$ cat run.csv   # CSV, C-alpha atoms
chain,number,residue,atom,x,y,z
A,1,MET,CA,-59.8,72.0,86.4
A,2,SER,CA,-62.7,69.5,86.4
A,3,GLY,CA,-62.2,65.7,86.3
A,4,PRO,CA,-63.9,63.1,84.1
A,5,GLY,CA,-66.8,62.6,86.5
A,6,ASP,CA,-67.7,66.3,86.6
A,7,ALA,CA,-69.9,66.4,83.4
A,8,THR,CA,-73.0,68.6,83.7
A,9,ALA,CA,-76.5,67.4,83.2
A,10,PRO,CA,-76.9,68.9,79.7
A,11,ASP,CA,-73.7,67.1,78.7
A,12,ARG,CA,-75.1,63.8,80.0
A,13,ARG,CA,-78.4,64.4,78.0
A,14,VAL,CA,-76.5,65.0,74.8
A,15,GLY,CA,-74.5,61.8,75.3
A,16,GLU,CA,-77.7,59.8,76.1
A,17,LEU,CA,-79.3,61.2,72.9
A,18,ALA,CA,-76.3,60.3,70.8
A,19,ALA,CA,-76.4,56.8,72.2
A,20,LEU,CA,-80.1,56.5,71.5
A,21,VAL,CA,-79.6,57.7,67.8
A,22,SER,CA,-76.8,55.1,67.3
A,23,ALA,CA,-79.0,52.3,68.7
A,24,ILE,CA,-81.9,53.3,66.4
A,25,THR,CA,-79.6,53.4,63.4
A,26,ALA,CA,-78.2,49.9,64.2
A,27,VAL,CA,-81.7,48.5,64.5
A,28,VAL,CA,-82.8,50.1,61.2
A,29,GLY,CA,-79.7,48.7,59.5
A,30,LEU,CA,-80.4,45.2,60.9
A,31,LEU,CA,-84.0,45.3,59.6
A,32,LEU,CA,-82.9,46.5,56.1
A,33,ALA,CA,-80.3,43.7,55.9
A,34,LEU,CA,-82.9,41.2,57.0
A,35,PHE,CA,-85.3,42.2,54.2
A,36,GLY,CA,-82.5,42.4,51.6
A,37,VAL,CA,-82.5,46.1,51.0
A,38,PRO,CA,-79.0,47.5,50.2
A,39,PHE,CA,-77.7,50.7,51.9
A,40,VAL,CA,-76.1,52.0,48.7
A,41,GLY,CA,-77.4,52.8,45.2
A,42,GLY,CA,-76.6,50.8,42.1
A,43,SER,CA,-78.0,47.7,40.4
A,44,PRO,CA,-80.5,45.5,42.2
A,45,VAL,CA,-78.9,42.6,44.1
A,46,ASN,CA,-77.9,39.6,42.0
A,47,ARG,CA,-78.9,41.2,38.7
A,48,SER,CA,-76.2,41.9,36.1
A,49,VAL,CA,-76.4,45.3,34.4
A,50,ALA,CA,-74.9,43.7,31.3
A,51,ALA,CA,-77.6,41.1,30.7
A,52,PRO,CA,-80.8,42.1,28.9
A,53,VAL,CA,-83.8,41.9,31.2
A,54,ASP,CA,-86.8,41.7,28.9
A,55,SER,CA,-85.5,39.9,25.8
A,56,TRP,CA,-87.1,36.6,24.7
A,57,ALA,CA,-83.8,34.7,25.0
A,58,THR,CA,-83.3,35.9,28.6
A,59,ALA,CA,-86.8,35.2,29.6
A,60,THR,CA,-86.6,31.6,28.5
A,61,ALA,CA,-83.0,31.0,29.7
A,62,THR,CA,-84.1,29.3,32.9
A,63,ALA,CA,-86.5,27.0,31.0
A,64,THR,CA,-83.7,26.2,28.5
A,65,ALA,CA,-81.4,25.2,31.3
A,66,THR,CA,-84.0,22.9,32.7
A,67,ALA,CA,-84.3,21.0,29.4
A,68,ALA,CA,-87.4,22.7,28.0
A,69,TRP,CA,-85.5,23.2,24.7
A,70,SER,CA,-83.5,20.0,25.1
A,71,ALA,CA,-83.4,17.5,22.3
A,72,SER,CA,-85.6,15.1,24.2
A,73,ALA,CA,-88.3,17.6,25.1
A,74,VAL,CA,-91.6,16.9,23.3
A,75,PRO,CA,-94.5,19.4,24.0
A,76,THR,CA,-97.9,17.9,24.6
A,77,ASN,CA,-101.4,19.0,25.5
A,78,SER,CA,-101.8,16.5,28.3
A,79,GLY,CA,-101.5,17.4,32.0
A,80,SER,CA,-98.1,17.2,33.7
A,81,PRO,CA,-97.4,14.6,36.4
A,82,GLY,CA,-97.5,16.1,39.8
A,83,ALA,CA,-99.7,19.0,38.7
A,84,SER,CA,-102.7,17.7,40.6
A,85,GLY,CA,-101.3,18.8,44.0
A,86,GLU,CA,-101.3,15.3,45.5
A,87,PRO,CA,-99.5,15.1,48.9
A,88,GLY,CA,-95.8,14.4,48.5
A,89,THR,CA,-95.7,15.2,44.8
A,90,ALA,CA,-93.6,18.1,43.6
A,91,PRO,CA,-95.3,20.4,41.1
A,92,ALA,CA,-94.1,20.1,37.5
A,93,ALA,CA,-92.0,22.9,35.9
A,94,SER,CA,-94.1,25.1,33.6
A,95,ALA,CA,-93.4,24.9,29.9
A,96,PRO,CA,-91.6,27.9,28.4
A,97,SER,CA,-93.1,30.3,25.9
A,98,PRO,CA,-92.7,29.2,22.3
A,99,PRO,CA,-90.0,30.9,20.3
A,100,PRO,CA,-91.2,34.0,18.3
A,101,ASP,CA,-92.5,33.6,14.8
A,102,VAL,CA,-89.8,34.2,12.2
A,103,PRO,CA,-90.3,37.4,10.3
A,104,GLU,CA,-91.9,37.6,6.9
A,105,GLY,CA,-89.4,36.5,4.2
A,106,TRP,CA,-87.7,34.0,6.5
A,107,ARG,CA,-88.4,30.3,7.3
A,108,ARG,CA,-87.4,28.0,10.2
A,109,VAL,CA,-85.3,24.9,9.4
A,110,GLY,CA,-83.9,22.1,11.5
A,111,GLU,CA,-80.7,20.1,11.3
A,112,PRO,CA,-81.3,17.0,13.5
A,113,ALA,CA,-77.8,15.7,13.0
A,114,LEU,CA,-76.5,19.0,14.5
A,115,THR,CA,-79.4,19.3,17.1
A,116,VAL,CA,-80.0,22.9,16.0
A,117,VAL,CA,-82.9,24.9,14.7
A,118,PHE,CA,-82.5,28.2,13.0
A,119,ALA,CA,-84.0,30.6,10.5
A,120,VAL,CA,-82.9,31.4,6.9
A,121,PRO,CA,-84.1,33.9,4.4
A,122,ASP,CA,-86.5,32.7,1.7
A,123,GLY,CA,-84.8,31.8,-1.5
A,124,TRP,CA,-81.4,31.0,0.0
A,125,VAL,CA,-79.9,27.8,-1.3
A,126,ARG,CA,-78.5,25.1,0.9
A,127,ARG,CA,-75.0,24.0,-0.1
A,128,PRO,CA,-73.9,20.4,0.3
A,129,ALA,CA,-74.1,19.5,4.0
A,130,GLY,CA,-71.0,18.7,6.0
A,131,ALA,CA,-70.7,16.5,9.0
A,132,ILE,CA,-70.6,19.3,11.4
A,133,GLN,CA,-72.2,22.3,9.7
A,134,SER,CA,-75.0,23.6,7.5
A,135,THR,CA,-74.3,26.3,5.0
A,136,TRP,CA,-76.7,28.5,3.0
A,137,ARG,CA,-76.0,31.1,0.2
A,138,SER,CA,-78.1,34.0,-1.0
A,139,PRO,CA,-79.4,33.8,-4.5
A,140,ASP,CA,-77.0,36.5,-5.8
A,141,GLY,CA,-74.0,34.9,-4.0
A,142,THR,CA,-73.3,38.0,-1.9
A,143,HIS,CA,-74.0,36.5,1.5
A,144,GLU,CA,-73.3,33.2,3.0
A,145,MET,CA,-74.6,31.8,6.3
A,146,SER,CA,-73.2,28.8,8.2
A,147,VAL,CA,-74.3,27.0,11.4
A,148,LYS,CA,-71.8,24.7,12.9
A,149,ARG,CA,-71.6,22.3,15.9
A,150,ASP,CA,-68.1,21.2,16.9
A,151,THR,CA,-65.8,20.0,19.6
A,152,SER,CA,-62.5,20.5,17.8
A,153,TYR,CA,-61.2,23.5,19.7
A,154,GLY,CA,-62.7,23.1,23.1
A,155,ALA,CA,-66.0,23.2,25.1
A,156,THR,CA,-66.2,26.9,25.8
A,157,PRO,CA,-66.9,29.8,23.4
A,158,ARG,CA,-63.5,31.3,24.2
A,159,GLU,CA,-61.6,28.1,23.4
A,160,ALA,CA,-63.6,27.6,20.3
A,161,SER,CA,-63.1,31.1,19.0
A,162,VAL,CA,-59.4,31.1,19.7
A,163,GLY,CA,-59.0,27.7,17.9
A,164,GLN,CA,-61.2,28.8,14.9
A,165,LEU,CA,-59.4,32.1,14.6
A,166,ALA,CA,-56.0,30.3,14.5
A,167,TRP,CA,-57.3,28.2,11.6
A,168,TYR,CA,-58.5,31.3,9.8
A,169,ARG,CA,-55.1,32.8,10.1
A,170,ASP,CA,-53.5,29.8,8.4
A,171,THR,CA,-53.9,30.9,4.8
A,172,ALA,CA,-52.9,27.6,3.4
A,173,ALA,CA,-55.8,25.9,5.2
A,174,SER,CA,-58.5,28.7,5.0
A,175,SER,CA,-57.5,30.7,1.9
A,176,MET,CA,-58.1,33.8,4.0
A,177,ALA,CA,-55.5,36.6,4.0
A,178,GLY,CA,-55.0,40.1,5.4
A,179,LEU,CA,-57.0,39.1,8.4
A,180,LYS,CA,-57.9,41.6,11.2
A,181,ALA,CA,-60.2,40.3,14.0
A,182,VAL,CA,-62.0,41.8,17.0
A,183,THR,CA,-63.8,39.8,19.7
A,184,HIS,CA,-66.7,41.0,21.8
A,185,THR,CA,-68.5,39.4,24.7
A,186,THR,CA,-72.3,39.0,24.2
A,187,ARG,CA,-75.3,36.9,25.1
A,188,GLN,CA,-76.8,34.1,22.9
A,189,SER,CA,-79.6,31.7,23.6
A,190,GLY,CA,-79.6,32.8,27.2
A,191,LYS,CA,-75.9,32.1,27.7
A,192,ASP,CA,-72.6,33.9,27.8
A,193,ALA,CA,-71.1,33.9,24.3
A,194,LEU,CA,-68.5,35.5,22.1
A,195,TRP,CA,-68.9,37.5,18.9
A,196,LEU,CA,-66.1,37.5,16.4
A,197,GLU,CA,-65.7,40.2,13.7
A,198,ILE,CA,-63.2,39.5,10.9
A,199,ASP,CA,-62.1,41.8,8.0
A,200,TYR,CA,-60.1,39.9,5.3
A,201,HIS,CA,-59.8,39.1,1.7
A,202,TRP,CA,-59.4,35.8,-0.2
A,203,ALA,CA,-55.8,34.8,-1.0
A,204,GLY,CA,-54.9,36.1,-4.4
A,205,GLN,CA,-57.8,38.6,-4.4
A,206,THR,CA,-58.2,42.1,-3.2
A,207,GLU,CA,-62.0,42.4,-2.7
A,208,PRO,CA,-62.6,43.1,1.0
A,209,ARG,CA,-64.9,40.8,2.9
A,210,LYS,CA,-66.5,40.8,6.3
A,211,ARG,CA,-67.3,37.8,8.5
A,212,VAL,CA,-69.3,38.0,11.7
A,213,GLU,CA,-69.6,34.9,13.9
A,214,VAL,CA,-71.1,34.0,17.3
A,215,PHE,CA,-69.9,31.2,19.6
A,216,VAL,CA,-72.1,29.6,22.3
A,217,ALA,CA,-71.7,26.5,24.3
A,218,GLY,CA,-74.2,23.6,23.9
A,219,SER,CA,-74.5,20.3,25.7
A,220,ALA,CA,-72.0,17.4,25.8
A,221,GLY,CA,-69.0,19.7,25.2
A,222,HIS,CA,-70.2,21.1,21.9
A,223,VAL,CA,-69.9,24.7,20.8
A,224,TYR,CA,-72.3,26.1,18.3
A,225,GLN,CA,-71.1,28.7,15.8
A,226,MET,CA,-73.3,30.9,13.5
A,227,LEU,CA,-71.6,33.1,10.9
A,228,PHE,CA,-72.4,35.4,8.0
A,229,ASP,CA,-69.8,36.0,5.4
A,230,THR,CA,-70.2,38.9,3.0
A,231,ALA,CA,-68.4,40.8,0.2
A,232,ALA,CA,-68.0,44.2,1.8
A,233,GLY,CA,-69.5,46.2,-1.1
A,234,PRO,CA,-71.8,49.3,-0.8
A,235,GLY,CA,-74.9,48.4,1.4
A,236,ASN,CA,-73.8,44.9,2.0
A,237,LEU,CA,-72.5,45.4,5.5
A,238,ALA,CA,-75.8,47.0,6.7
A,239,THR,CA,-77.7,44.0,5.2
A,240,GLN,CA,-75.3,41.6,6.9
A,241,ARG,CA,-75.9,43.2,10.3
A,242,GLU,CA,-79.7,42.8,9.8
A,243,LEU,CA,-79.3,39.2,8.7
A,244,PHE,CA,-77.0,38.4,11.6
A,245,ALA,CA,-79.3,40.0,14.2
A,246,THR,CA,-82.4,38.2,12.9
A,247,ALA,CA,-80.7,34.8,12.6
A,248,ARG,CA,-79.3,35.1,16.2
A,249,ALA,CA,-82.7,35.9,17.5
A,250,HIS,CA,-84.1,32.6,16.1
A,251,LEU,CA,-81.2,30.3,16.9
A,252,LEU,CA,-82.3,27.3,19.0
A,253,ILE,CA,-79.4,25.1,20.1
A,254,ASP,CA,-79.6,21.5,21.4
A,255,ARG,CA,-82.9,21.0,19.6
A,256,ASN,CA,-83.8,18.3,17.1
A,257,ALA,CA,-86.8,19.7,15.3
A,258,PRO,CA,-88.5,23.0,14.6
$ encode --input "run.csv" --output "structure tokens"
Amino acid sequence: MSGPGDATAPDRRVGELAALVSAITAVVGLLLALFGVPFVGGSPVNRSVAAPVDSWATATATATATAAWSASAVPTNSGSPGASGEPGTAPAASAPSPPPDVPEGWRRVGEPALTVVFAVPDGWVRRPAGAIQSTWRSPDGTHEMSVKRDTSYGATPREASVGQLAWYRDTAASSMAGLKAVTHTTRQSGKDALWLEIDYHWAGQTEPRKRVEVFVAGSAGHVYQMLFDTAAGPGNLATQRELFATARAHLLIDRNAP
């Protein structure tokens, strides 16, 4: 019976080869980690698979966060301070791309008191303005759109949606009855947001209605809400989806003028 020290020369060569392979693997792993290459498959590092990559809102989100779309931002044609490359001067942040043109049949409007800019279909009539919201109605009265900026229920989309939904459920206050609601997470204006869908009818009536609403946080503790409310008749809900999608794509929060 041989002892531990009696290994043959081939056995030693196999052991030396295994050690060499292990060392090479460790070096390769170190180099991959150094250059930020993951060992396993999946999404690229630090990129959410849930967030759209190429949308206009996402592409301008960083510029939005750096005040490019802030209320005080005023685009000019003059050069930016620090752009000359003088020693000790930080280069100025580049201006974001302008928002896309509104589609034919829509126009862009601004509500300076609410620091919001949005698009409405041509021919829609503005209802009397409130202190915290702007409401518009289609010529036939089928659809209604409202943009609101509020702090009543909290500073986050979730807090605002929970508070708003509680108010809707109070029939004495809202005149809404038979309410069924579903909440989705979404993205709006480059930020995390909530999308609320409500099926209901007015108290004392039986005609079904549909309300879709998005909540997104703005500055200074404000939450912006954009909603479309529609009588749920034939073809109306498909039109509502199109109106809602177009209006969301052109919603500019924390902005004074178009």
$ closest_atom_pairs --input "run.csv" --of "region 121-190 of chain A" --to "region 99-108 of chain A" --cutoff "12 Å" --atoms "all atoms listed in the file" --output "CSV"
residue,atom,partner,partner_atom,distance
A:Pro121,CA,A:Trp106,CA,4.2
A:Asp122,CA,A:Trp106,CA,5.1
A:Gly123,CA,A:Gly105,CA,8.7
A:Trp124,CA,A:Trp106,CA,9.5
A:Ser189,CA,A:Pro99,CA,10.9
$ atom_distance --input "run.csv" --atom1 "CA of Ser138 (chain A)" --atom2 "CA of Arg187 (chain A)"
26.4 Å
$ atom_distance --input "run.csv" --atom1 "CA of Arg211 (chain A)" --atom2 "CA of Pro234 (chain A)"
15.5 Å
$ residues_near_point --input "run.csv" --point "(-65.6, 28.8, 25.2)" --cutoff "8 Å" --atoms "all atoms listed in the file" --output "NGL selection string"
:A and (154-161 or 193-194 or 215-217 or 223)
$ closest_residue --input "run.csv" --among "A:Ala231, A:Ala172, A:Val120, A:Ala166" --to "Met145 (chain A)" --atoms "all atoms listed in the file"
A:Val120
$ atom_distance --input "run.csv" --atom1 "CA of Gly130 (chain A)" --atom2 "CA of His184 (chain A)"
27.7 Å
$ residues_around --input "run.csv" --residues "Phe244 (chain A)" --least-positions-apart "3" --cutoff "8 Å" --atoms "all atoms listed in the file" --output "compact mmCIF listing (two decimals) with C-alpha atoms, keeping the file's coordinate frame"
# COMPACT_ATOMS: atom_id res chain seq x y z
CA VAL A 212 -69.30 38.00 11.70
CA LEU A 227 -71.60 33.10 10.90
CA PHE A 228 -72.40 35.40 8.00
CA GLN A 240 -75.30 41.60 6.90
CA ARG A 241 -75.90 43.20 10.30
CA ALA A 247 -80.70 34.80 12.60
CA ARG A 248 -79.30 35.10 16.20
$ closest_residue --input "run.csv" --among "A:Gly141, A:Gly163, A:Gly178, A:Pro112" --to "Gly204 (chain A)" --atoms "all atoms listed in the file"
A:Gly178
$ closest_residue --input "run.csv" --among "A:Thr115, A:Ser146, A:Thr239, A:Ser219" --to "Pro128 (chain A)" --atoms "only C-alpha atoms"
A:Ser146
$ closest_residue --input "run.csv" --among "A:Ala238, A:Val109, A:Asp170, A:Ile198" --to "Ser134 (chain A)" --atoms "all atoms listed in the file"
A:Val109
$ residues_around --input "run.csv" --residues "Leu252 (chain A)" --least-positions-apart "3" --cutoff "7 Å" --atoms "only C-alpha atoms" --output "PyMOL selection string"
chain A and resi 116-118+189+255
$ write_last_selection --input "run.csv" --atoms "C-alpha atoms" --output "compact mmCIF listing (two decimals), in the frame of the given file"
# COMPACT_ATOMS: atom_id res chain seq x y z
CA VAL A 116 -80.00 22.90 16.00
CA VAL A 117 -82.90 24.90 14.70
CA PHE A 118 -82.50 28.20 13.00
CA SER A 189 -79.60 31.70 23.60
CA ARG A 255 -82.90 21.00 19.60
$ closest_residue --input "run.csv" --among "A:Val162, A:Tyr153, A:Ala203, A:Lys148" --to "Ser174 (chain A)" --atoms "only C-alpha atoms"
A:Ala203
$ residues_near_point --input "run.csv" --point "(-63.9, 45.8, 2.0)" --cutoff "6 Å" --atoms "only C-alpha atoms" --output "mmCIF file with C-alpha atoms, keeping the file's coordinate frame"
data_model
loop_
_atom_site.group_PDB
_atom_site.id
_atom_site.type_symbol
_atom_site.label_atom_id
_atom_site.label_comp_id
_atom_site.auth_asym_id
_atom_site.auth_seq_id
_atom_site.Cartn_x
_atom_site.Cartn_y
_atom_site.Cartn_z
ATOM 1 C CA PRO A 208 -62.600 43.100 1.000
ATOM 2 C CA ARG A 209 -64.900 40.800 2.900
ATOM 3 C CA ALA A 232 -68.000 44.200 1.800
#
